[in-house]
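Undergrad: Below you'll find final_7.pdb; it's PDB, C-alpha atoms and all ligand atoms.
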MODEL        1
ATOM      1  CA  MET M1302     -24.991 -38.636  -7.277
ATOM      2  CA  PRO M1303     -25.873 -35.827  -9.676
ATOM      3  CA  LYS M1304     -25.913 -36.775 -13.315
ATOM      4  CA  GLN M1305     -26.550 -34.993 -16.512
ATOM      5  CA  GLU M1306     -27.412 -35.653 -20.097
ATOM      6  CA  ASN M1307     -24.582 -34.379 -22.276
ATOM      7  CA  ASN M1308     -25.206 -34.812 -25.983
ATOM      8  CA  GLY M1309     -26.569 -38.273 -25.363
ATOM      9  CA  LYS M1310     -23.818 -39.263 -22.941
ATOM     10  CA  ILE M1311     -24.581 -39.348 -19.258
ATOM     11  CA  ARG M1312     -21.641 -38.256 -17.180
ATOM     12  CA  LEU M1313     -21.147 -37.920 -13.463
ATOM     13  CA  MET M1314     -19.427 -35.183 -11.550
ATOM     14  CA  LYS M1315     -17.576 -36.415  -8.484
ATOM     15  CA  ILE M1316     -19.518 -35.507  -5.361
ATOM     16  CA  SER M1317     -16.537 -34.056  -3.554
ATOM     17  CA  MET M1318     -14.163 -31.991  -5.672
ATOM     18  CA  GLN M1319     -11.245 -29.993  -4.338
ATOM     19  CA  PHE M1320      -9.121 -27.033  -5.385
ATOM     20  CA  LEU M1321      -5.342 -27.523  -5.022
ATOM     21  CA  SER M1322      -6.243 -30.884  -3.408
ATOM     22  CA  LEU M1323      -7.084 -28.968  -0.211
ATOM     23  CA  PRO M1324      -9.849 -29.985   2.194
ATOM     24  CA  ASN M1325     -13.079 -28.032   1.759
ATOM     25  CA  ALA M1326     -14.141 -25.625   4.506
ATOM     26  CA  ALA M1327     -17.801 -25.357   5.461
ATOM     27  CA  ALA M1328     -19.501 -22.870   3.128
ATOM     28  CA  VAL M1329     -20.426 -20.560   6.036
ATOM     29  CA  ASP M1330     -16.776 -20.336   7.144
ATOM     30  CA  ALA M1331     -15.274 -19.946   3.674
ATOM     31  CA  ASP M1332     -13.627 -16.785   2.349
ATOM     32  CA  VAL M1333     -13.742 -18.182  -1.182
ATOM     33  CA  LEU M1334     -16.569 -20.249  -2.673
ATOM     34  CA  LEU M1335     -16.020 -22.213  -5.875
ATOM     35  CA  LEU M1336     -19.289 -23.214  -7.498
ATOM     36  CA  PRO M1337     -19.129 -25.789 -10.309
ATOM     37  CA  VAL M1338     -21.941 -25.295 -12.823
ATOM     38  CA  PRO M1339     -21.295 -27.938 -15.514
ATOM     39  CA  HIS M1340     -24.233 -26.793 -17.607
ATOM     40  CA  GLU M1341     -24.169 -27.477 -21.342
ATOM     41  CA  GLN M1342     -27.467 -27.266 -23.126
ATOM     42  CA  THR M1343     -27.211 -24.881 -26.036
ATOM     43  CA  VAL M1344     -23.850 -25.752 -27.592
ATOM     44  CA  THR M1345     -23.577 -24.406 -31.135
ATOM     45  CA  TYR M1346     -20.077 -25.505 -32.215
ATOM     46  CA  LYS M1347     -17.618 -27.532 -30.072
ATOM     47  CA  PRO M1348     -19.094 -29.608 -27.213
ATOM     48  CA  GLY M1349     -17.435 -30.167 -23.838
ATOM     49  CA  THR M1350     -18.154 -27.215 -21.531
ATOM     50  CA  ALA M1351     -20.011 -29.580 -19.165
ATOM     51  CA  ASN M1352     -16.609 -31.087 -18.397
ATOM     52  CA  GLY M1353     -15.058 -27.679 -17.664
ATOM     53  CA  PRO M1354     -15.448 -27.415 -13.861
ATOM     54  CA  GLU M1355     -14.080 -30.888 -13.144
ATOM     55  CA  ALA M1356     -11.128 -30.360 -15.518
ATOM     56  CA  ILE M1357     -10.271 -27.058 -13.812
ATOM     57  CA  LEU M1358     -10.319 -28.641 -10.352
ATOM     58  CA  VAL M1359      -8.241 -31.613 -11.505
ATOM     59  CA  ALA M1360      -5.699 -29.259 -13.162
ATOM     60  CA  SER M1361      -5.501 -27.240  -9.937
ATOM     61  CA  GLU M1362      -3.746 -30.228  -8.303
ATOM     62  CA  GLN M1363      -0.678 -29.200 -10.313
ATOM     63  CA  LEU M1364      -0.567 -25.593  -9.088
ATOM     64  CA  GLU M1365       1.825 -24.348  -6.416
ATOM     65  CA  PHE M1366       0.341 -23.001  -3.194
ATOM     66  CA  PHE M1367       2.590 -19.925  -3.632
ATOM     67  CA  GLU M1368       1.218 -17.248  -5.995
ATOM     68  CA  GLU M1369       4.163 -15.414  -7.457
ATOM     69  CA  ASP M1370       2.609 -12.058  -8.476
ATOM     70  CA  MET M1371       1.469 -11.148  -4.963
ATOM     71  CA  ALA M1372       4.231 -13.266  -3.374
ATOM     72  CA  TRP M1373       2.131 -15.140  -0.838
ATOM     73  CA  CYS M1374       0.241 -18.374  -0.270
ATOM     74  CA  PRO M1375      -3.378 -17.120  -0.420
ATOM     75  CA  LEU M1376      -4.936 -20.253   1.025
ATOM     76  CA  LEU M1377      -2.636 -20.242   4.024
ATOM     77  CA  HIS M1378      -4.700 -17.220   5.128
ATOM     78  CA  MET M1379      -8.046 -17.903   3.443
ATOM     79  CA  LYS M1380     -10.525 -20.736   3.724
ATOM     80  CA  LEU M1381     -11.933 -22.194   0.526
ATOM     81  CA  ALA M1382     -14.912 -24.417  -0.196
ATOM     82  CA  VAL M1383     -15.778 -26.158  -3.443
ATOM     83  CA  LEU M1384     -19.566 -26.279  -3.307
ATOM     84  CA  PRO M1385     -21.743 -29.110  -4.608
ATOM     85  CA  ALA M1386     -22.224 -28.696  -8.355
ATOM     86  CA  VAL M1387     -25.449 -27.218  -9.688
ATOM     87  CA  GLU M1388     -26.258 -29.498 -12.602
ATOM     88  CA  SER M1389     -29.260 -29.914 -14.844
ATOM     89  CA  ILE M1390     -31.377 -32.965 -14.266
ATOM     90  CA  GLU M1391     -32.251 -35.151 -17.223
ATOM     91  CA  GLY M1392     -35.362 -33.857 -18.957
ATOM     92  CA  GLU M1393     -35.527 -30.686 -16.846
ATOM     93  CA  PRO M1394     -36.873 -27.622 -18.699
ATOM     94  CA  GLU M1395     -34.254 -24.888 -19.144
ATOM     95  CA  GLU M1396     -36.275 -22.410 -17.132
ATOM     96  CA  ALA M1397     -36.479 -24.795 -14.166
ATOM     97  CA  PHE M1398     -32.712 -25.319 -14.191
ATOM     98  CA  HIS M1399     -32.059 -21.576 -14.232
ATOM     99  CA  ARG M1400     -34.500 -21.050 -11.354
ATOM    100  CA  ARG M1401     -32.684 -23.722  -9.325
ATOM    101  CA  LEU M1402     -29.374 -22.028 -10.094
ATOM    102  CA  PHE M1403     -30.783 -18.694  -8.866
ATOM    103  CA  GLU M1404     -32.012 -20.293  -5.639
ATOM    104  CA  ALA M1405     -28.728 -22.132  -5.006
ATOM    105  CA  VAL M1406     -26.704 -18.932  -5.421
ATOM    106  CA  GLU M1407     -29.110 -16.693  -3.521
ATOM    107  CA  GLN M1408     -28.546 -18.602  -0.272
ATOM    108  CA  LEU M1409     -24.730 -18.431  -0.374
ATOM    109  CA  PRO M1410     -22.895 -16.267   2.203
ATOM    110  CA  SER M1411     -22.702 -12.821   0.610
ATOM    111  CA  ASP M1412     -19.360 -11.645   2.009
ATOM    112  CA  ALA M1413     -17.261 -14.436   0.458
ATOM    113  CA  LEU M1414     -15.660 -14.264  -2.981
ATOM    114  CA  LEU M1415     -17.778 -16.410  -5.303
ATOM    115  CA  ILE M1416     -16.086 -17.910  -8.345
ATOM    116  CA  ALA M1417     -18.489 -19.884 -10.517
ATOM    117  CA  LEU M1418     -16.979 -22.410 -12.934
ATOM    118  CA  GLY M1419     -18.894 -23.090 -16.154
ATOM    119  CA  GLY M1420     -20.353 -24.568 -18.091
ATOM    120  CA  GLU M1421     -21.659 -22.334 -20.810
ATOM    121  CA  HIS M1422     -22.137 -18.590 -20.572
ATOM    122  CA  SER M1423     -25.913 -18.865 -20.165
ATOM    123  CA  ILE M1424     -25.353 -19.449 -16.415
ATOM    124  CA  THR M1425     -24.292 -15.850 -15.675
ATOM    125  CA  PRO M1426     -27.608 -13.914 -15.521
ATOM    126  CA  GLU M1427     -29.383 -15.888 -12.762
ATOM    127  CA  MET M1428     -26.275 -15.909 -10.580
ATOM    128  CA  LEU M1429     -25.902 -12.146 -11.080
ATOM    129  CA  PHE M1430     -29.578 -11.493 -10.296
ATOM    130  CA  ALA M1431     -29.202 -13.559  -7.096
ATOM    131  CA  ARG M1432     -25.960 -11.952  -5.878
ATOM    132  CA  LEU M1433     -26.420  -8.333  -7.010
ATOM    133  CA  PRO M1434     -30.186  -7.712  -6.889
ATOM    134  CA  GLU M1435     -29.605  -3.975  -6.392
ATOM    135  CA  GLY M1436     -27.750  -3.617  -9.698
ATOM    136  CA  GLY M1437     -24.132  -3.008 -10.612
ATOM    137  CA  THR M1438     -21.648  -3.302 -13.447
ATOM    138  CA  VAL M1439     -20.773  -6.431 -15.409
ATOM    139  CA  VAL M1440     -17.248  -6.507 -16.843
ATOM    140  CA  GLN M1441     -17.233  -9.143 -19.576
ATOM    141  CA  LEU M1442     -14.151 -10.649 -21.248
ATOM    142  CA  ASP M1443     -15.434 -12.339 -24.365
ATOM    143  CA  ALA M1444     -14.963 -12.799 -28.112
ATOM    144  CA  HIS M1445     -18.718 -12.506 -28.579
ATOM    145  CA  ALA M1446     -21.137  -9.737 -27.609
ATOM    146  CA  ASP M1447     -23.706 -12.293 -26.315
ATOM    147  CA  LEU M1448     -26.438  -9.677 -26.845
ATOM    148  CA  ARG M1449     -28.919 -11.697 -28.884
ATOM    149  CA  SER M1450     -32.472 -11.471 -27.603
ATOM    150  CA  GLY M1451     -32.938 -15.162 -28.417
ATOM    151  CA  TYR M1452     -31.067 -17.851 -30.333
ATOM    152  CA  TYR M1453     -32.296 -21.212 -31.631
ATOM    153  CA  GLY M1454     -35.607 -20.378 -29.992
ATOM    154  CA  SER M1455     -34.281 -19.840 -26.482
ATOM    155  CA  VAL M1456     -33.530 -16.816 -24.334
ATOM    156  CA  TYR M1457     -31.285 -19.118 -22.238
ATOM    157  CA  ASN M1458     -28.914 -19.722 -25.150
ATOM    158  CA  HIS M1459     -25.228 -18.929 -24.530
ATOM    159  CA  ALA M1460     -25.500 -16.200 -27.194
ATOM    160  CA  CYS M1461     -27.978 -14.243 -25.028
ATOM    161  CA  PRO M1462     -26.745 -13.668 -21.450
ATOM    162  CA  MET M1463     -25.673 -10.045 -21.870
ATOM    163  CA  TYR M1464     -28.997  -9.129 -23.491
ATOM    164  CA  ARG M1465     -30.767 -10.472 -20.400
ATOM    165  CA  ILE M1466     -28.417  -8.532 -18.149
ATOM    166  CA  ARG M1467     -28.979  -5.242 -20.006
ATOM    167  CA  GLU M1468     -32.717  -5.875 -19.917
ATOM    168  CA  ARG M1469     -32.478  -5.700 -16.101
ATOM    169  CA  GLY M1470     -30.508  -2.454 -16.221
ATOM    170  CA  TYR M1471     -27.003  -3.620 -15.246
ATOM    171  CA  GLN M1472     -24.197  -1.552 -16.782
ATOM    172  CA  LEU M1473     -22.039  -3.542 -19.189
ATOM    173  CA  ILE M1474     -18.374  -3.210 -20.164
ATOM    174  CA  GLN M1475     -17.353  -5.639 -22.913
ATOM    175  CA  ILE M1476     -13.677  -6.385 -23.579
ATOM    176  CA  GLY M1477     -12.138  -8.313 -26.488
ATOM    177  CA  ILE M1478     -15.243  -8.463 -28.687
ATOM    178  CA  ARG M1479     -14.570  -9.699 -32.232
ATOM    179  CA  SER M1480     -17.713 -11.525 -33.369
ATOM    180  CA  LEU M1481     -21.246 -10.166 -33.365
ATOM    181  CA  HIS M1482     -24.478  -9.901 -35.339
ATOM    182  CA  ALA M1483     -25.421  -6.617 -37.022
ATOM    183  CA  ASN M1484     -28.322  -6.278 -34.565
ATOM    184  CA  GLU M1485     -25.909  -6.594 -31.645
ATOM    185  CA  ALA M1486     -23.680  -3.909 -33.188
ATOM    186  CA  ALA M1487     -26.749  -1.668 -33.517
ATOM    187  CA  GLN M1488     -27.671  -2.218 -29.870
ATOM    188  CA  ILE M1489     -24.137  -1.374 -28.738
ATOM    189  CA  GLU M1490     -24.312   1.773 -30.883
ATOM    190  CA  SER M1491     -27.603   2.964 -29.390
ATOM    191  CA  ASP M1492     -27.335   1.770 -25.774
ATOM    192  CA  ASP M1493     -25.562   4.152 -23.375
ATOM    193  CA  GLY M1494     -25.381   1.365 -20.774
ATOM    194  CA  ILE M1495     -22.870  -0.607 -22.846
ATOM    195  CA  THR M1496     -19.206   0.263 -23.337
ATOM    196  CA  VAL M1497     -17.482  -2.018 -25.823
ATOM    197  CA  TRP M1498     -13.722  -2.397 -26.262
ATOM    198  CA  PHE M1499     -13.318  -4.199 -29.563
ATOM    199  CA  ASP M1500     -10.408  -6.621 -29.735
ATOM    200  CA  ARG M1501      -8.791  -5.002 -32.761
ATOM    201  CA  ALA M1502      -8.824  -1.527 -31.220
ATOM    202  CA  LEU M1503      -7.242  -2.901 -28.035
ATOM    203  CA  GLN M1504      -4.117  -3.792 -30.018
ATOM    204  CA  ARG M1505      -3.224  -0.082 -29.856
ATOM    205  CA  PRO M1506      -1.470   0.639 -26.536
ATOM    206  CA  GLY M1507      -3.301   3.959 -26.088
ATOM    207  CA  VAL M1508      -6.681   2.260 -26.311
ATOM    208  CA  TRP M1509      -5.630  -0.449 -23.866
ATOM    209  CA  LEU M1510      -4.588   2.243 -21.369
ATOM    210  CA  LYS M1511      -7.954   3.967 -21.790
ATOM    211  CA  LEU M1512      -9.681   0.710 -20.895
ATOM    212  CA  LEU M1513      -7.562   0.392 -17.745
ATOM    213  CA  ASP M1514      -8.469   4.017 -16.911
ATOM    214  CA  GLN M1515     -12.167   3.180 -17.171
ATOM    215  CA  LEU M1516     -11.755   0.162 -14.875
ATOM    216  CA  ALA M1517      -9.830   2.318 -12.391
ATOM    217  CA  SER M1518     -12.654   4.871 -12.319
ATOM    218  CA  LEU M1519     -15.473   2.345 -11.733
ATOM    219  CA  SER M1520     -17.272   2.189  -8.403
ATOM    220  CA  GLY M1521     -19.820  -0.015  -6.692
ATOM    221  CA  PRO M1522     -20.553  -3.719  -7.134
ATOM    222  CA  VAL M1523     -18.877  -5.345 -10.130
ATOM    223  CA  TRP M1524     -19.396  -8.828 -11.568
ATOM    224  CA  LEU M1525     -16.434 -10.077 -13.612
ATOM    225  CA  SER M1526     -17.593 -12.528 -16.270
ATOM    226  CA  ILE M1527     -14.688 -14.263 -17.997
ATOM    227  CA  ASP M1528     -15.615 -16.192 -21.108
ATOM    228  CA  MET M1529     -12.392 -18.070 -21.819
ATOM    229  CA  ASP M1530     -12.849 -17.404 -25.553
ATOM    230  CA  GLY M1531     -12.029 -13.775 -24.786
ATOM    231  CA  PHE M1532      -8.409 -14.956 -24.706
ATOM    232  CA  ASP M1533      -6.344 -15.721 -27.811
ATOM    233  CA  PRO M1534      -7.213 -19.289 -28.940
ATOM    234  CA  ALA M1535      -3.478 -19.799 -29.535
ATOM    235  CA  LEU M1536      -3.282 -19.785 -25.719
ATOM    236  CA  ILE M1537      -6.486 -21.648 -25.051
ATOM    237  CA  ALA M1538      -7.822 -23.876 -27.801
ATOM    238  CA  GLY M1539     -10.318 -25.507 -25.442
ATOM    239  CA  VAL M1540     -13.332 -23.237 -25.798
ATOM    240  CA  GLY M1541     -16.751 -23.895 -27.283
ATOM    241  CA  THR M1542     -16.678 -21.176 -29.954
ATOM    242  CA  PRO M1543     -13.101 -19.981 -30.661
ATOM    243  CA  GLN M1544     -12.341 -16.800 -32.614
ATOM    244  CA  PRO M1545      -8.934 -15.557 -33.838
ATOM    245  CA  GLY M1546      -7.374 -12.595 -32.055
ATOM    246  CA  GLY M1547      -8.098 -12.042 -28.396
ATOM    247  CA  LEU M1548      -6.475 -11.016 -25.152
ATOM    248  CA  SER M1549      -3.100 -12.213 -23.968
ATOM    249  CA  TRP M1550      -2.788 -13.942 -20.595
ATOM    250  CA  HIS M1551      -1.150 -10.827 -19.150
ATOM    251  CA  GLN M1552      -3.844  -8.499 -20.482
ATOM    252  CA  GLY M1553      -6.448 -10.657 -18.778
ATOM    253  CA  LEU M1554      -4.535 -10.413 -15.506
ATOM    254  CA  ASP M1555      -4.214  -6.637 -15.931
ATOM    255  CA  VAL M1556      -8.018  -6.377 -16.113
ATOM    256  CA  LEU M1557      -8.309  -8.434 -12.917
ATOM    257  CA  LEU M1558      -5.649  -6.311 -11.229
ATOM    258  CA  ALA M1559      -7.289  -3.022 -12.255
ATOM    259  CA  LEU M1560     -10.537  -4.170 -10.608
ATOM    260  CA  THR M1561      -9.005  -5.583  -7.415
ATOM    261  CA  GLU M1562      -6.719  -2.542  -6.965
ATOM    262  CA  ASN M1563      -9.684  -0.176  -7.277
ATOM    263  CA  ARG M1564     -10.805   0.551  -3.708
ATOM    264  CA  ALA M1565     -14.169   1.894  -4.861
ATOM    265  CA  VAL M1566     -15.070  -1.398  -6.552
ATOM    266  CA  ASP M1567     -16.709  -4.267  -4.689
ATOM    267  CA  LEU M1568     -15.627  -7.349  -6.650
ATOM    268  CA  ARG M1569     -17.017 -10.392  -4.901
ATOM    269  CA  ASN M1570     -18.368 -12.242  -7.896
ATOM    270  CA  ILE M1571     -16.546 -13.832 -10.814
ATOM    271  CA  ASP M1572     -17.502 -16.452 -13.351
ATOM    272  CA  ILE M1573     -15.110 -18.379 -15.590
ATOM    273  CA  VAL M1574     -17.098 -20.024 -18.373
ATOM    274  CA  GLU M1575     -16.992 -21.849 -21.725
ATOM    275  CA  LEU M1576     -13.896 -23.948 -21.044
ATOM    276  CA  ALA M1577     -14.055 -27.152 -23.103
ATOM    277  CA  PRO M1578     -11.187 -29.409 -21.968
ATOM    278  CA  GLU M1579      -8.816 -30.582 -24.704
ATOM    279  CA  PRO M1580      -6.093 -33.276 -25.022
ATOM    280  CA  SER M1581      -3.072 -31.008 -24.336
ATOM    281  CA  GLN M1582      -4.709 -29.929 -21.034
ATOM    282  CA  VAL M1583      -3.145 -26.479 -21.462
ATOM    283  CA  SER M1584      -6.587 -24.866 -21.586
ATOM    284  CA  GLU M1585      -7.766 -26.267 -18.270
ATOM    285  CA  MET M1586      -4.437 -25.388 -16.627
ATOM    286  CA  MET M1587      -4.853 -21.797 -17.820
ATOM    287  CA  ALA M1588      -8.343 -21.657 -16.323
ATOM    288  CA  ALA M1589      -7.156 -23.236 -13.050
ATOM    289  CA  LYS M1590      -4.324 -20.726 -12.772
ATOM    290  CA  LEU M1591      -6.769 -17.927 -13.497
ATOM    291  CA  VAL M1592      -8.896 -19.102 -10.547
ATOM    292  CA  GLN M1593      -5.781 -18.940  -8.374
ATOM    293  CA  LYS M1594      -4.967 -15.402  -9.608
ATOM    294  CA  CYS M1595      -8.522 -14.286  -8.796
ATOM    295  CA  ILE M1596      -8.203 -15.654  -5.258
ATOM    296  CA  SER M1597      -4.738 -14.163  -4.749
ATOM    297  CA  TYR M1598      -5.368 -10.661  -6.170
ATOM    298  CA  TRP M1599      -8.729 -10.319  -4.406
ATOM    299  CA  GLY M1600      -7.459 -11.761  -1.119
ATOM    300  CA  LYS M1601      -4.456  -9.454  -1.060
ATOM    301  CA  SER M1602      -6.658  -6.433  -1.828
ATOM    302  CA  GLN M1603      -8.865  -7.395   1.134
ATOM    303  CA  GLY M1604      -5.899  -7.647   3.509
ATOM    304  CA  PHE M1605      -6.087 -11.406   4.099
ATOM    305  CA  ASP M1606      -2.281 -11.541   4.092
ATOM    306  CA  GLN M1607      -2.370  -9.637   7.414
ATOM    307  CA  ARG M1608      -4.618 -12.225   9.014
ATOM    308  CA  PRO M1609      -3.451 -15.265  10.982
ATOM    309  CA  ALA M1610      -2.406 -18.313   8.970
ATOM    310  CA  GLN M1611      -5.571 -20.315   9.576
ATOM    311  CA  GLY M1612      -6.588 -21.027   6.002
ATOM    312  CA  SER M1613      -7.304 -24.241   4.078
ATOM    313  CA  GLN M1614      -3.607 -24.908   3.500
ATOM    314  CA  VAL M1615      -2.777 -25.309   7.194
ATOM    315  CA  GLY M1616      -1.496 -28.826   7.741
ATOM    316  CA  ALA M1617      -1.298 -29.590   4.007
ATOM    317  CA  ASP M1618       1.801 -31.283   2.618
ATOM    318  CA  ASP M1619       3.706 -28.476   0.872
ATOM    319  CA  GLU M1620       6.746 -30.409  -0.422
TER     320      GLU M1620
HETATM  321 MN    MN C1701     -19.791 -15.471 -23.987
ENDMDL
END
As structure tokens, how would this structure be written, given the file I've shared?
TA:
Amino acid sequence: MPKQENNGKIRLMKISMQFLSLPNAAAVDADVLLLPVPHEQTVTYKPGTANGPEAILVASEQLEFFEEDMAWCPLLHMKLAVLPAVESIEGEPEEAFHRRLFEAVEQLPSDALLIALGGEHSITPEMLFARLPEGGTVVQLDAHADLRSGYYGSVYNHACPMYRIRERGYQLIQIGIRSLHANEAAQIESDDGITVWFDRALQRPGVWLKLLDQLASLSGPVWLSIDMDGFDPALIAGVGTPQPGGLSWHQGLDVLLALTENRAVDLRNIDIVELAPEPSQVSEMMAAKLVQKCISYWGKSQGFDQRPAQGSQVGADDE
């Protein structure tokens, strides 16, 4: 059984986790792959992101099979697999963990929708490098720019992933930013490969519409990286480094919809990171429902609703 050191406490992730309590398809047959990455090494404020993936999967037991926006049961037509978690091993150097994460993701079937569940935001770069080696655009929902070149002595810190991504030449669109270092602001200013939509500016309807226009005009491979602290902490208190302000639930869904409705965009990769479960359990429910929206919007855009009902939900008790 995998185990991990979490601020002195060893915890175990159940070997077999499920989404919506449904049986897991074989990875090679799956249309949707959920990859738990309960990695928490560089926490700077509130601990708990290592418990994020399990909390999301447990919360998913409470979701309906029917997804109301697209008015269908996505998993009646799609097969889903929750993959074995990629977890750090006690005493493992950071670099070795990130290499293992790259290798685990590199071998996954490339035509399925991958949704990685964090864990802290430091997990994004290696997964991106493995899935989109030819380049592409990263759309990042986040309170923080995450553009530091290093933090507390490590390039693998959760304050650094977008710096590492820019270093490799991926285009970057940042949405909801409201906390950054002066050096990060200077990089945004000087780097043509970064478009930033600051949270405060997005409060003006005209600016929000301009953002949606940009998403509608994108093309090519896109990685959607959702740091849950991009949302308003009044909606989701369970994040590692909360900041006031932030996107509403519906704004977040509008970003997802703009990308899945855009025929020129290839969106097969999403991460949902930095969830730190909390006593009300509202935060983990929001993340679980967001996973369901990702599956539903993407699946509908790919025409899965026209396919025979042979998905994971077949035979499941729906009462
Ligand atoms: Mn982040």
Undergrad: Could the residues that lie within 9 Å of ligand MN 1701 (chain C), counting all atoms listed in the file, be listed as a PyMOL selection string?
TA: chain M and resi 1421-1423+1441-1447+1459-1463+1526-1531+1542+1574-1575
Undergrad: For the structure shown, which residues end up in the PyMOL selection byres (((chain M and resi 1317-1327) around 10) and not hetatm)? Put them as a PyMOL selection string, please?
TA: chain M and resi 1314-1316+1328-1335+1337+1354-1355+1357-1366+1376+1379-1386+1589+1592-1593+1612-1618
Undergrad: Which residues would end up in the selection if the PyMOL selection byres (((chain M and resi 1498) around 10) and not hetatm) were applied here, given that I need the answer as a list in words?
TA: Leu1442, Ile1474, Gln1475, Ile1476, Gly1477, Ile1478, Arg1479, Ile1495, Thr1496, Val1497, Phe1499, Asp1500, Arg1501, Ala1502, Leu1503, Val1508, Trp1509, Lys1511 and Leu1512 of chain M
Undergrad: Measuring atom to atom with all atoms listed in the file, identify which of M:His1482, M:Arg1401, M:Lys1594, M:His1378 is nearest to M:Ala1610.
TA: M:His1378
Undergrad: Care to translate the PyMOL selection byres (((chain M and resi 1425-1427) around 8) and not hetatm) into actual residues of this file, as a ChimeraX atom specification?
TA: /M:1399-1400,1402-1403,1422-1424,1428-1431,1462-1463,1465-1466,1526,1572
Undergrad: Around stretch 1543-1553 of chain M, fit a box with edges along x, y and z, padding it by 6 Å on each side, then list its centre and edge lengths in Å to one decimal as lines of an AutoDock Vina configuration file.
TA:
center_x = -7.1
center_y = -14.2
center_z = -26.3
size_x = 24.0
size_y = 23.5
size_z = 27.1
